[in-house]
Amino acid sequence: MKKLLLFDIDGTLAVPGRGPSEATLAAIRGARKKGHLAFISTGRTFDSVPPAVAQIGFDGGVFSSGGITKLGDDVLAQQFMEERYVEPLIRLLSENGIFFALETPEGRIHSDNGELVLSRIDLDGLPEEMRRFTRNVIFDPTALPYSAYAGQPVYKIAYYSADPAVTDWLADRLRGSLNVVPFCDVPGFPLTFGEISDPTVTKGRAMAELCRHFQISPEDCIAFGDSMNDADMLQAAGLGVAMGNAVPELKALADRVCDSCENDGVAKTLRELGLL
């Protein structure tokens with residue numbers, strides 16, 4: 001029976017800042033050779049998927065946490081944050097010194113307060129690799145400057161702050177209108193970060209679109225993830241697999257917990273399920 005396989009990237013297919021292991025690469029390619037469909041399902045935009053991940057070879061992907069779904073390079077479906085929320089949210093983030101990235105069809109558009117946010121942390125106290133990684137997150141050379149924003153539709157908004165309480169503060173301010181989901185901590189990364197999205201824009205909804213397109217039952221879907229933006233996808237899939245390094249809340253609702261990303265949890269599980 002053909003399966004639809006969905007994989008988060010960071011913390012699932014690859015440790016942040018590294019490429020996927022040879023075992024992970026071989027397992028996904030092996031599953032596809034057996035006739036199974038493999039899709040990325042990530043909070044990242046299409047153009048920010050690491051080349052080492054894209055080169056594994058996938059049938060398509062879900063990007064911006066469900067904002068856009070692609071079959072190869074073709075758009076299957078897309079859904080945006082309601083316009084009435086976008087401008088007030090930009091003002092809220094800007095007025096409170098929170099760095100943000102608008103995820104749009106044109107790419108990521110970064111706010112212009114990156115230096116201010118970085119000035120609130122001790123970059124000099126970080127190891128060189130993490131210092132470079134932190135600056136690259138804020139000053140991503142592939143991102144567009146804020147001056148490029150002209151009211152384009154927005155899939156979701158990512159946020160970064162030196163204040164560890166920012167996620168709870170945002171969730172309280174936006175309760176009843178938008179979802180605020182924190183990302184898994186990256187060891188040594190000095191900023192708190194997460195995403196803000198319309199409650200109807202989810203990875204689970206995107207998975208349902210793929211099921212309809214391929215005429216596959218959700219029961220024949222297997223989803224892997226590590227953060228709470230994977231939660232509805234894992235719950236909607238016939239088998240939801242939380243990584244060993246996943247947040248406890250995700251492990252609690254998953255059907256299965258596999259080994260960690262660093263220990264090739266995806267590859268081991270695909271093999272154990274007889275999909276290779």
# chains A, B, ... in the order shown; residues from 1 in each chain; ligands from 1
$ select_by_dssp --residues "segment 67-98 of chain A" --states "alpha helix (DSSP H)" --output "PyMOL selection string"
chain A and resi 83-95
$ residues_around --residues "Glu103 of chain A" --least-positions-apart "4" --cutoff "8 Å" --atoms "only C-alpha atoms" --output "MDAnalysis selection string"
chainID A and resid 45 64 107:109 154:158
$ residues_around --residues "Leu92 of chain A" --least-positions-apart "5" --cutoff "10 Å" --atoms "only C-alpha atoms" --output "JSON, numbers by chain"
{"A": [86, 87, 97, 98, 170, 173]}
$ residues_around --residues "segment 129-143 of chain A" --least-positions-apart "6" --cutoff "12 Å" --atoms "only C-alpha atoms" --output "PyMOL selection string"
chain A and resi 16-18+45-50+98-104+106-119+121-123+149+158-162+186-193
$ residues_around --residues "Leu275 of chain A" --least-positions-apart "5" --cutoff "12 Å" --atoms "only C-alpha atoms" --output "count of residues only"
23
$ closest_residue --among "A:Ala223, A:Thr12, A:Lys70, A:Ser94" --to "Gly244 of chain A" --atoms "only C-alpha atoms"
A:Thr12
$ residues_around --residues "Pro182 of chain A" --least-positions-apart "2" --cutoff "8 Å" --atoms "only C-alpha atoms" --output "ChimeraX atom specification"
/A:167,180,184,192-195,227-229
$ atom_distance --atom1 "atom CA of Asp226 of chain A" --atom2 "atom CA of Tyr85 of chain A"
27.8 Å
$ atom_distance --atom1 "atom CA of Glu209 of chain A" --atom2 "atom CA of Thr69 of chain A"
8.3 Å
$ atom_distance --atom1 "atom CA of Leu174 of chain A" --atom2 "atom CA of Val247 of chain A"
22.6 Å
